[in-house]
$ cat entry38.txt   # compact mmCIF, C-alpha atoms and all ligand atoms
# COMPACT_ATOMS: atom_id res chain seq x y z
CA MET A 1 108.54 85.49 91.06
CA LEU A 2 105.69 87.95 90.53
CA ASN A 3 104.46 89.90 93.56
CA ALA A 4 101.09 91.63 93.93
CA LEU A 5 101.05 95.40 93.57
CA THR A 6 98.03 97.20 94.97
CA VAL A 7 96.82 100.79 95.24
CA ASP A 8 94.00 101.79 97.62
CA LEU A 9 92.35 104.53 95.59
CA GLU A 10 91.02 107.13 98.01
CA ASP A 11 91.54 110.84 98.79
CA TRP A 12 93.46 112.61 101.55
CA TYR A 13 90.48 112.81 103.96
CA HIS A 14 89.78 109.07 103.92
CA VAL A 15 91.27 108.32 107.30
CA CYS A 16 89.07 105.81 109.18
CA GLY A 17 87.81 106.81 112.60
CA THR A 18 87.92 110.59 111.93
CA THR A 19 84.87 112.81 111.47
CA ASP A 20 86.29 113.90 108.10
CA ASN A 21 86.05 110.30 106.91
CA ASP A 22 82.99 109.10 108.77
CA ASP A 23 80.61 111.92 107.78
CA HIS A 24 80.43 111.57 104.01
CA HIS A 25 78.09 114.57 103.76
CA LYS A 26 81.19 116.73 104.29
CA TRP A 27 83.17 115.21 101.44
CA ALA A 28 81.77 117.33 98.60
CA ALA A 29 83.20 120.44 100.29
CA TYR A 30 86.76 119.07 100.43
CA GLU A 31 89.41 119.77 97.84
CA SER A 32 89.85 116.77 95.55
CA ARG A 33 93.50 115.74 95.19
CA VAL A 34 92.94 112.16 94.17
CA LYS A 35 93.33 112.67 90.43
CA ARG A 36 96.70 114.38 90.51
CA ASN A 37 98.06 111.87 93.05
CA THR A 38 96.75 108.87 91.11
CA ASP A 39 98.26 110.35 87.94
CA THR A 40 101.64 110.25 89.73
CA ALA A 41 101.13 106.55 90.52
CA LEU A 42 100.00 105.82 86.96
CA SER A 43 102.97 107.59 85.39
CA LEU A 44 105.39 105.58 87.57
CA LEU A 45 103.63 102.36 86.61
CA ARG A 46 103.87 103.35 82.93
CA LEU A 47 107.55 104.21 83.27
CA TYR A 48 108.40 100.77 84.68
CA ASN A 49 105.85 98.90 82.60
CA ALA A 50 104.16 97.51 85.72
CA ARG A 51 100.52 96.65 86.28
CA ALA A 52 98.65 96.78 89.59
CA THR A 53 95.29 96.22 91.25
CA PHE A 54 93.50 99.46 92.15
CA PHE A 55 91.04 98.97 95.03
CA VAL A 56 88.76 101.86 94.15
CA LEU A 57 86.43 103.66 96.52
CA GLY A 58 82.93 103.69 94.95
CA TYR A 59 82.51 107.35 95.91
CA ILE A 60 85.68 108.27 94.00
CA ALA A 61 84.66 106.15 91.00
CA GLU A 62 81.37 108.01 90.81
CA LYS A 63 83.14 111.39 91.00
CA GLU A 64 86.07 110.56 88.71
CA PRO A 65 84.84 108.07 86.10
CA GLU A 66 87.47 109.19 83.55
CA LEU A 67 90.23 108.35 86.01
CA ILE A 68 88.81 104.85 86.52
CA LYS A 69 88.51 104.41 82.74
CA THR A 70 92.17 105.38 82.31
CA ILE A 71 93.25 102.89 85.00
CA HIS A 72 91.25 100.15 83.28
CA LYS A 73 92.49 101.09 79.79
CA GLU A 74 96.10 100.99 80.91
CA GLY A 75 95.73 97.32 81.82
CA HIS A 76 95.39 97.57 85.59
CA GLU A 77 92.80 95.62 87.53
CA VAL A 78 89.94 97.68 88.97
CA ALA A 79 88.69 96.12 92.22
CA ILE A 80 86.71 97.71 95.07
CA HIS A 81 87.50 99.34 98.43
CA GLY A 82 83.84 99.88 99.50
CA TYR A 83 81.73 102.95 98.69
CA TYR A 84 81.96 105.18 101.78
CA HIS A 85 85.26 103.95 103.29
CA GLN A 86 83.71 102.48 106.42
CA ARG A 87 85.46 99.90 108.56
CA ILE A 88 83.48 96.67 108.57
CA PHE A 89 83.23 96.52 112.37
CA ASP A 90 81.65 100.01 112.39
CA ILE A 91 78.64 99.00 110.26
CA THR A 92 75.94 96.33 110.15
CA ARG A 93 75.94 93.35 107.84
CA ALA A 94 73.04 94.84 105.86
CA ALA A 95 74.84 98.19 105.48
CA PHE A 96 78.01 96.38 104.38
CA GLU A 97 76.09 94.40 101.77
CA GLU A 98 74.55 97.58 100.40
CA ASP A 99 77.94 99.35 100.35
CA ILE A 100 79.50 96.45 98.39
CA GLN A 101 76.70 96.28 95.86
CA LYS A 102 76.79 100.02 95.29
CA SER A 103 80.58 99.96 94.74
CA MET A 104 80.40 96.98 92.38
CA GLU A 105 77.67 98.57 90.29
CA ILE A 106 79.42 101.88 89.83
CA VAL A 107 82.75 100.27 88.91
CA ALA A 108 81.10 97.79 86.50
CA SER A 109 79.15 100.62 84.84
CA ILE A 110 82.40 102.51 84.17
CA THR A 111 84.73 99.68 83.08
CA GLY A 112 82.15 97.25 81.69
CA VAL A 113 83.73 94.53 83.84
CA ARG A 114 82.45 93.15 87.17
CA PRO A 115 85.09 93.69 89.85
CA LEU A 116 86.44 90.45 91.32
CA GLY A 117 88.35 91.65 94.35
CA TYR A 118 87.84 93.64 97.54
CA ARG A 119 89.97 95.32 100.18
CA ALA A 120 88.41 96.52 103.43
CA PRO A 121 89.09 100.06 104.63
CA GLU A 122 91.83 99.86 107.28
CA TRP A 123 92.15 96.07 106.79
CA SER A 124 89.05 95.74 109.01
CA ILE A 125 88.28 92.04 108.68
CA ARG A 126 88.59 90.56 112.15
CA LYS A 127 87.48 87.33 113.75
CA GLU A 128 84.17 88.94 114.68
CA THR A 129 83.59 90.32 111.16
CA LEU A 130 84.37 87.14 109.20
CA TRP A 131 80.73 87.22 108.01
CA ALA A 132 81.99 89.87 105.58
CA LEU A 133 83.54 87.08 103.50
CA ASP A 134 80.10 85.45 103.11
CA VAL A 135 78.62 88.77 101.98
CA LEU A 136 81.47 89.35 99.51
CA ARG A 137 81.21 85.89 97.95
CA LYS A 138 77.42 86.16 97.79
CA SER A 139 77.83 89.49 95.94
CA GLY A 140 80.11 87.92 93.34
CA ILE A 141 83.49 88.93 94.76
CA LEU A 142 85.95 86.07 94.20
CA TYR A 143 88.89 87.25 96.27
CA ASP A 144 89.52 89.40 99.31
CA SER A 145 92.74 91.12 100.31
CA SER A 146 91.94 92.53 103.76
CA MET A 147 93.23 90.06 106.35
CA VAL A 148 96.25 90.87 108.48
CA PRO A 149 97.79 88.13 110.65
CA LEU A 150 98.58 90.67 113.36
CA THR A 151 97.10 90.80 116.87
CA LYS A 152 96.20 94.50 116.82
CA MET A 153 94.78 94.79 113.31
CA GLY A 154 93.36 91.46 112.18
CA ASP A 155 94.01 88.24 114.03
CA ARG A 156 97.22 86.39 114.72
CA GLY A 157 95.54 83.14 113.67
CA PHE A 158 94.85 84.41 110.10
CA GLY A 159 96.79 82.75 107.26
CA LEU A 160 100.14 84.21 106.22
CA PHE A 161 99.96 83.49 102.48
CA PRO A 162 97.25 83.23 99.79
CA HIS A 163 94.65 80.57 100.62
CA SER A 164 90.97 79.66 100.11
CA ILE A 165 88.21 80.16 102.67
CA LYS A 166 84.87 78.38 102.60
CA THR A 167 81.64 80.38 102.63
CA PRO A 168 78.02 79.18 102.19
CA TYR A 169 78.17 80.66 98.65
CA GLY A 170 81.38 78.95 97.54
CA ASP A 171 85.07 79.42 98.26
CA ILE A 172 86.65 82.86 98.35
CA ARG A 173 90.40 83.37 97.90
CA GLU A 174 92.31 85.46 100.40
CA PHE A 175 95.54 87.33 99.72
CA PRO A 176 96.56 88.55 103.18
CA LEU A 177 98.94 91.40 103.90
CA THR A 178 102.53 90.13 103.84
CA THR A 179 104.20 90.06 107.24
CA LEU A 180 107.48 88.98 108.82
CA ARG A 181 107.78 87.03 112.02
CA VAL A 182 109.66 89.20 114.51
CA PHE A 183 109.78 87.55 117.96
CA TRP A 184 106.14 86.88 118.87
CA GLU A 185 104.42 89.04 116.26
CA ASN A 186 103.86 89.06 112.48
CA LEU A 187 104.88 92.53 111.39
CA PRO A 188 103.88 94.21 108.12
CA PHE A 189 106.61 95.92 106.05
CA THR A 190 105.31 96.20 102.47
CA GLY A 191 103.12 99.32 102.66
CA GLY A 192 101.90 102.28 104.69
CA LEU A 193 103.82 103.38 107.79
CA PRO A 194 105.84 100.13 108.13
CA MET A 195 107.19 100.52 104.58
CA ARG A 196 107.95 104.21 105.15
CA ILE A 197 109.91 103.33 108.30
CA ALA A 198 111.79 100.22 107.08
CA PRO A 199 115.05 100.78 105.18
CA TYR A 200 114.60 100.21 101.45
CA TRP A 201 117.24 97.45 101.16
CA TYR A 202 115.52 95.59 104.02
CA ILE A 203 112.13 95.63 102.25
CA VAL A 204 113.56 94.32 98.97
CA SER A 205 115.69 91.63 100.58
CA LYS A 206 112.80 90.38 102.77
CA ILE A 207 110.40 90.22 99.80
CA LYS A 208 113.00 88.28 97.82
CA SER A 209 113.64 85.98 100.74
CA ILE A 210 109.89 85.18 101.16
CA ASN A 211 109.69 84.53 97.39
CA ARG A 212 112.67 82.19 97.63
CA SER A 213 112.33 80.41 100.95
CA ALA A 214 108.53 80.13 101.24
CA GLY A 215 107.93 80.10 97.47
CA GLN A 216 105.16 82.65 98.04
CA PRO A 217 104.26 86.00 96.44
CA CYS A 218 104.21 89.16 98.60
CA LEU A 219 101.64 91.95 98.66
CA VAL A 220 102.74 95.58 98.32
CA TYR A 221 100.28 98.45 98.86
CA VAL A 222 100.30 102.22 98.52
CA HIS A 223 97.80 105.11 98.68
CA PRO A 224 97.79 107.99 96.16
CA TRP A 225 97.89 110.54 99.05
CA GLU A 226 101.28 109.13 100.07
CA PHE A 227 102.66 110.71 96.87
CA ASP A 228 101.33 114.17 97.82
CA ASP A 229 103.74 116.63 99.42
CA ALA A 230 100.95 119.11 100.23
CA ASN A 231 98.22 117.06 101.91
CA PRO A 232 95.65 119.33 103.62
CA GLU A 233 95.60 119.09 107.43
CA ILE A 234 93.32 116.54 109.08
CA GLU A 235 92.63 116.75 112.80
CA LEU A 236 94.24 113.64 114.24
CA PRO A 237 95.49 112.55 117.64
CA LEU A 238 99.29 112.49 117.80
CA SER A 239 99.65 108.71 117.43
CA ARG A 240 97.43 108.64 114.36
CA ARG A 241 99.19 111.68 112.88
CA PHE A 242 102.43 109.71 113.16
CA MET A 243 100.87 106.65 111.53
CA HIS A 244 99.41 108.67 108.71
CA TYR A 245 102.18 111.10 107.76
CA PHE A 246 105.50 109.93 109.21
CA ASN A 247 108.25 109.71 106.58
CA ILE A 248 105.70 110.35 103.84
CA ARG A 249 108.38 111.71 101.51
CA THR A 250 109.98 108.26 101.35
CA ALA A 251 106.85 106.59 99.92
CA ARG A 252 107.42 107.66 96.34
CA PRO A 253 111.15 106.79 96.03
CA LYS A 254 110.54 103.45 97.78
CA PHE A 255 107.63 102.65 95.50
CA GLU A 256 109.72 103.60 92.48
CA GLY A 257 112.62 101.46 93.73
CA LEU A 258 110.34 98.44 94.11
CA LEU A 259 109.06 98.92 90.55
CA LYS A 260 112.67 99.00 89.37
CA HIS A 261 113.91 95.98 91.33
CA LEU A 262 110.95 93.56 91.49
CA LYS A 263 108.34 92.14 89.12
CA PHE A 264 104.68 92.80 89.84
CA ALA A 265 101.22 91.85 88.61
CA PRO A 266 97.59 92.54 89.64
CA VAL A 267 96.19 90.31 92.39
CA LYS A 268 93.68 88.50 90.16
CA GLU A 269 96.53 87.36 87.89
CA ILE A 270 98.69 86.13 90.74
CA LEU A 271 95.78 84.20 92.24
CA ASP A 272 94.70 83.14 88.74
CA ILE A 273 91.12 84.23 89.39
CA ARG A 274 88.74 83.91 86.45
CA PRO A 275 85.11 84.89 86.49
CA ALA A 276 82.79 81.87 86.10
ZN ZN A 301 91.41 103.01 102.56
$ encode --input "entry38.txt" --output "structure tokens"
Amino acid sequence: MLNALTVDLEDWYHVCGTTDNDDHHKWAAYESRVKRNTDTALSLLRLYNARATFFVLGYIAEKEPELIKTIHKEGHEVAIHGYYHQRIFDITRAAFEEDIQKSMEIVASITGVRPLGYRAPEWSIRKETLWALDVLRKSGILYDSSMVPLTKMGDRGFGLFPHSIKTPYGDIREFPLTTLRVFWENLPFTGGLPMRIAPYWYIVSKIKSINRSAGQPCLVYVHPWEFDDANPEIELPLSRRFMHYFNIRTARPKFEGLLKHLKFAPVKEILDIRPA
């Protein structure tokens, strides 16, 4: 079975809830490491002949159009991750709508193709921000991949596998983050800190077991900064420092192992999304 491979294309300072991230006027002064780190991801994808969905930050697309062109030319899907990397619950509906439109326009002007998919910064669709799906569908986005069926991040009542959600503008497809039921909670294991903590054999066997027993595809995600062994320092409280950097050296070998042992495709192909 094919699983969805996704890359959230952002730079080292895009850590939600920090002043480095939230004040975009500071960004121009920061060292840009996104190109070299994305080149690492692209060369691994080339090596294993795998294609992915890149959820691209509009700000990065505007700064690095050649990088976005390369991603598109190499057969990957270019979708959006917002323009200024703001969590949905931190902004108004009008500001969100503007952020989405701006990101879609910049990506479409570079690739010549309207993006079809969206991922929220820090998976920030919650019960109280479900209006975001209406805004996305109204803007022409046909699928979202931002919902986590986990009490602390999304909502435990959210769906576990790909499904459709009704909006006033038509249905939108959702590809939620893959989780495993452990006692009373659905725990993520296919990206970020959970993937860096979980043993590699465990990740592969659980993905295969979901493919087999539930007959469902899984969603793997990675950030280019996870491939960087010299990330500049960001001021973070201890718990967030742990979340952000713990075991970061395992991200690349785990990602490479998954490319070697599993078959992947971009989200739009797995959901069979076609523009009208
Ligand atoms: Zn992000």
$ residues_around --input "entry38.txt" --residues "region 198-202 of chain A" --least-positions-apart "4" --cutoff "12 Å" --atoms "all atoms listed in the file" --output "JSON, numbers by chain"
{"A": [180, 187, 188, 189, 190, 191, 192, 193, 194, 206, 207, 208, 209, 246, 247, 250, 251, 252, 253, 254, 255, 256, 257, 258, 261]}
$ closest_residue --input "entry38.txt" --among "A:Thr179, A:Ser164, A:Asn21, A:Ser213" --to "ligand ZN 301 (chain A)" --atoms "all atoms listed in the file"
A:Asn21
$ residues_near_ligand --input "entry38.txt" --ligand "ligand ZN 301 (chain A)" --cutoff "6 Å" --atoms "only C-alpha atoms and all ligand atoms" --output "PyMOL selection string"
chain A and resi 8+121-122
$ closest_residue --input "entry38.txt" --among "A:Leu130, A:Cys16, A:Val34, A:Ala50" --to "His85 (chain A)" --atoms "all atoms listed in the file"
A:Cys16
$ closest_residue --input "entry38.txt" --among "A:Thr40, A:Thr18, A:Ser124, A:Asn3" --to "Gln216 (chain A)" --atoms "all atoms listed in the file"
A:Asn3
$ atom_distance --input "entry38.txt" --atom1 "CA of Phe161 (chain A)" --atom2 "CA of Arg137 (chain A)"
19.4 Å
$ atom_distance --input "entry38.txt" --atom1 "CA of Met1 (chain A)" --atom2 "CA of Arg114 (chain A)"
27.5 Å
$ atom_distance --input "entry38.txt" --atom1 "CA of Phe242 (chain A)" --atom2 "CA of Gly154 (chain A)"
20.4 Å
$ residues_near_point --input "entry38.txt" --point "(90.6, 84.3, 89.8)" --cutoff "9 Å" --atoms "only C-alpha atoms" --output "list in words"
Leu116, Gly117, Leu142, Tyr143, Arg173, Val267, Lys268, Glu269, Ile270, Leu271, Asp272, Ile273, Arg274, Pro275 and Ala276 of chain A
$ closest_residue --input "entry38.txt" --among "A:Ile80, A:Pro168, A:Leu177, A:Ala94" --to "Ile125 (chain A)" --atoms "only C-alpha atoms"
A:Leu177
$ closest_residue --input "entry38.txt" --among "A:Arg46, A:Arg196, A:Arg51, A:Lys35" --to "Ile68 (chain A)" --atoms "only C-alpha atoms"
A:Lys35
$ closest_residue --input "entry38.txt" --among "A:Thr151, A:Gly159, A:Trp123, A:Ala4" --to "Cys218 (chain A)" --atoms "all atoms listed in the file"
A:Ala4
$ residues_near_point --input "entry38.txt" --point "(77.1, 103.4, 95.7)" --cutoff "9 Å" --atoms "all atoms listed in the file" --output "list of chain:residue names"
A:Gly58, A:Tyr59, A:Glu62, A:Gly82, A:Tyr83, A:Tyr84, A:Glu98, A:Asp99, A:Ile100, A:Gln101, A:Lys102, A:Ser103, A:Met104, A:Glu105, A:Ile106
$ residues_around --input "entry38.txt" --residues "His76 (chain A)" --least-positions-apart "4" --cutoff "12 Å" --atoms "only C-alpha atoms" --output "ChimeraX atom specification"
/A:4-7,41-42,45-46,49-56,67-72,111,115,264-269
$ build_atoms --input "entry38.txt" --residues "region 13-26 of chain A" --atoms "N, CA and C atoms" --output "tab-separated table (two decimals), in the coordinates of the input"
chain	number	residue	atom	x	y	z
A	13	TYR	N	91.31	112.76	102.74
A	13	TYR	CA	90.48	112.81	103.96
A	13	TYR	C	89.91	111.44	104.33
A	14	HIS	N	90.28	110.40	103.60
A	14	HIS	CA	89.78	109.07	103.92
A	14	HIS	C	90.64	108.38	104.97
A	15	VAL	N	90.52	108.89	106.18
A	15	VAL	CA	91.27	108.32	107.30
A	15	VAL	C	90.23	107.79	108.28
A	16	CYS	N	90.11	106.45	108.36
A	16	CYS	CA	89.07	105.81	109.18
A	16	CYS	C	89.10	106.31	110.62
A	17	GLY	N	87.89	106.44	111.19
A	17	GLY	CA	87.81	106.81	112.60
A	17	GLY	C	87.93	108.32	112.83
A	18	THR	N	87.92	109.12	111.77
A	18	THR	CA	87.92	110.59	111.93
A	18	THR	C	86.57	111.11	111.45
A	19	THR	N	86.17	112.29	111.93
A	19	THR	CA	84.87	112.81	111.47
A	19	THR	C	84.94	113.18	109.99
A	20	ASP	N	86.14	113.58	109.53
A	20	ASP	CA	86.29	113.90	108.10
A	20	ASP	C	85.90	112.70	107.24
A	21	ASN	N	86.33	111.52	107.67
A	21	ASN	CA	86.05	110.30	106.91
A	21	ASN	C	84.62	109.81	107.15
A	22	ASP	N	84.21	109.81	108.43
A	22	ASP	CA	82.99	109.10	108.77
A	22	ASP	C	81.71	109.85	108.38
A	23	ASP	N	81.80	111.17	108.19
A	23	ASP	CA	80.61	111.92	107.78
A	23	ASP	C	80.75	112.25	106.29
A	24	HIS	N	80.21	111.38	105.45
A	24	HIS	CA	80.43	111.57	104.01
A	24	HIS	C	79.69	112.77	103.44
A	25	HIS	N	78.77	113.36	104.25
A	25	HIS	CA	78.09	114.57	103.76
A	25	HIS	C	79.07	115.73	103.63
A	26	LYS	N	80.20	115.65	104.34
A	26	LYS	CA	81.19	116.73	104.29
A	26	LYS	C	82.08	116.65	103.05
